[in-house]
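Each remark here refers to the structure printed beneath this line.
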Amino acid sequence: MMDTRTKLAIEAGFLFQQKGYHGVGISEVLERAGVPKGSLYHHFPNGKADLALAAAEIAATEVLRIIDASFDQAGNYANGVTTFCYKLAKYFDIHEGKIGCPVSATLLGGPDNAAFRDALSGIFARWMGRIADYAMQFGQSQQEAEQSAKRLFLSLEGSWTLARARGDSNVIRQLPGLVC
C-alpha cells in the first residue's frame, strides 16, 4: 500500500502534467488522492510548491527506471534509444497525449523561483548523465556520449511537444531514426 505522502505527490504529478502547475488546485489534488486537507500540510508544509517538487522527483526517478529498462539489455546504443522512445510513446498513448513532460510541465509551469529551476536542471542533468553512461558502455567516448545524450534529450523534448500538437505518438517513435 502506498503511503499518503507518495500518493499525494503522484496524484498531483498527474494533474500537473495535464493542467500545469497553475491549473491545479489543492482541493483537486486532495480529492483525487482521497485524503483530508490536513494530510497535505503535514507532509508538505509549504503546500503546493513542496508538492510539486516531490511530484517532479518521483517522476524523475520513474524516467530513470525507464532509461535503465531500455538500455540494460539493449546490445547497442541505437537499440536502447529505440526501446526508450517506444516506451515513452506507449506512456503518451496510455494518457491519450494529454500530458506534458512529467517534470517540466510541473516545474516550468510553476512559480519562477530558484528551487524549481535548480530541481529541473538537476533532473535533466541526471537523465542526460544516465543516457551518456549507457552510450559510453556501448563504446562512445565521453565527449561523444555526452553529445549523444544531449541530442537525444533535446530532440525528445521537441518530439513530445510535436506529438502533443499532432495527437500522434509516432512522432516519438520516429525519433531514433533522427538521432542515432
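Letters A, B, ... mark the chains of the C-alpha cells in the order given; residue numbers begin at 1 per chain; ligand numbers begin at 1, in order shown.
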Exercise for the section: Tell me, as a PyMOL selection string, which residues lie within 7 Å of region 132-141 of chain A, counting only C-alpha atoms; anything in the same chain fewer than 4 positions away does not count. Expected result: chain A and resi 71+76-77+128+145-146+148-149
Report as a tab-separated table: every residue of region 16-75 of chain A with an atom at most 7 Å from region 81-97 of chain A, its closest pair of atoms, and their distance in Å to one decimal, counting only C-alpha atoms, with rows sorted by chain and ascending residue number.
```
residue	atom	partner	partner_atom	distance
A:Ile66	CA	A:Phe84	CA	6.9
A:Ile67	CA	A:Phe84	CA	6.2
A:Ser70	CA	A:Phe84	CA	5.0
```
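One distance worth recording is that between CA of Ala9 (chain A) and CA of Asp118 (chain A), which is 18.8 Å.
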Practice prompt. Between CA of Asp3 (chain A) and CA of Arg32 (chain A), measure the distance and give it in Å to one decimal.
Written response: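 Value for the CA of Asp3 (chain A)-CA of Arg32 (chain A) distance: 14.7 Å.
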Quiz item: CA of Ser169 (chain A) and CA of Lys98 (chain A), how far apart in Å?
Solution: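 Taking CA of Lys98 (chain A) and CA of Ser169 (chain A), their separation equals 11.1 Å.
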Q.
Taking only C-alpha atoms into account, name the residue in A:Leu175, A:Ala69, A:Val63, A:Ala165 that is nearest to Ile123 (chain A).
A.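 Ranking A:Leu175, A:Ala69, A:Val63, A:Ala165 by distance to Ile123 (chain A), first place goes to A:Val63.
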- Skipping near chain neighbours, those fewer than 5 positions away, what residues fall within 9 Å of Glu157 (chain A) using only C-alpha atoms, listed as number ranges by chain? A: 101, 152, 162
Selection file, N, CA and C atoms, as a PDB file, in the first residue's frame:
```pdb
ATOM      1  N   CYS A 101       5.742  16.702 -20.425  1.00  0.00           N
ATOM      2  CA  CYS A 101       6.895  16.093 -19.772  1.00  0.00           C
ATOM      3  C   CYS A 101       6.608  16.044 -18.276  1.00  0.00           C
ATOM      4  N   LEU A 152      19.713  13.464 -27.879  1.00  0.00           N
ATOM      5  CA  LEU A 152      18.500  12.684 -27.618  1.00  0.00           C
ATOM      6  C   LEU A 152      17.546  13.468 -26.734  1.00  0.00           C
ATOM      7  N   LEU A 162       5.696  18.109 -30.283  1.00  0.00           N
ATOM      8  CA  LEU A 162       5.086  17.910 -31.600  1.00  0.00           C
ATOM      9  C   LEU A 162       4.051  16.781 -31.552  1.00  0.00           C
TER      10      LEU A 162
END
```
- [ ] Excluding Ala49 (chain A) and any residue of its chain fewer than 6 positions from it, enumerate the residues within 10 Å of it, using only C-alpha atoms, and give them as a PyMOL selection string.
- [x] chain A and resi 21+55+106-107+110-111+115-116
For the residues in the current selection, export all heavy atoms as a compact mmCIF listing (two decimals), in the first residue's frame.
```
# COMPACT_ATOMS: atom_id res chain seq x y z
N TYR A 21 1.08 23.61 -13.48
CA TYR A 21 1.12 23.94 -12.05
C TYR A 21 -0.03 24.86 -11.66
O TYR A 21 -0.76 24.61 -10.70
CB TYR A 21 2.47 24.58 -11.72
CG TYR A 21 2.63 24.98 -10.27
CD1 TYR A 21 3.16 24.07 -9.35
CD2 TYR A 21 2.29 26.24 -9.83
CE1 TYR A 21 3.33 24.43 -8.03
CE2 TYR A 21 2.47 26.61 -8.50
CZ TYR A 21 2.98 25.70 -7.61
OH TYR A 21 3.14 26.05 -6.29
N ALA A 55 6.54 15.72 -6.52
CA ALA A 55 5.97 15.08 -7.71
C ALA A 55 7.02 14.98 -8.82
O ALA A 55 7.15 13.94 -9.48
CB ALA A 55 4.75 15.85 -8.19
N THR A 106 5.43 20.36 -14.67
CA THR A 106 5.23 20.70 -13.26
C THR A 106 6.06 21.91 -12.84
O THR A 106 5.54 22.86 -12.26
CB THR A 106 5.59 19.49 -12.37
OG1 THR A 106 4.74 18.40 -12.73
CG2 THR A 106 5.42 19.82 -10.90
N LEU A 107 7.34 21.87 -13.14
CA LEU A 107 8.24 22.89 -12.60
C LEU A 107 8.36 24.14 -13.46
O LEU A 107 8.50 25.24 -12.91
CB LEU A 107 9.61 22.27 -12.34
CG LEU A 107 9.61 21.13 -11.31
CD1 LEU A 107 11.01 20.54 -11.16
CD2 LEU A 107 9.07 21.59 -9.97
N GLY A 110 5.33 26.32 -12.87
CA GLY A 110 5.16 26.80 -11.51
C GLY A 110 5.75 28.19 -11.32
O GLY A 110 6.09 28.87 -12.29
N PRO A 111 5.88 28.58 -10.08
CA PRO A 111 6.45 29.90 -9.81
C PRO A 111 7.90 29.97 -10.30
O PRO A 111 8.62 28.98 -10.28
CB PRO A 111 6.37 30.03 -8.29
CG PRO A 111 6.13 28.67 -7.77
CD PRO A 111 5.56 27.84 -8.86
N ALA A 115 14.45 27.36 -6.56
CA ALA A 115 14.27 25.96 -6.15
C ALA A 115 13.71 25.14 -7.31
O ALA A 115 14.18 24.02 -7.56
CB ALA A 115 13.36 25.87 -4.93
N PHE A 116 12.72 25.66 -8.03
CA PHE A 116 12.14 24.93 -9.15
C PHE A 116 13.15 24.81 -10.29
O PHE A 116 13.30 23.74 -10.87
CB PHE A 116 10.87 25.64 -9.63
CG PHE A 116 9.63 25.26 -8.86
CD1 PHE A 116 9.65 25.00 -7.51
CD2 PHE A 116 8.41 25.20 -9.52
CE1 PHE A 116 8.49 24.67 -6.81
CE2 PHE A 116 7.23 24.87 -8.83
CZ PHE A 116 7.29 24.61 -7.48
```
Alpha helix (DSSP H) per DSSP on the backbone: members of region 35-149 of chain A, as a PyMOL selection string:
chain A and resi 37-43+48-71+77-94+104-107+114-137+142-149
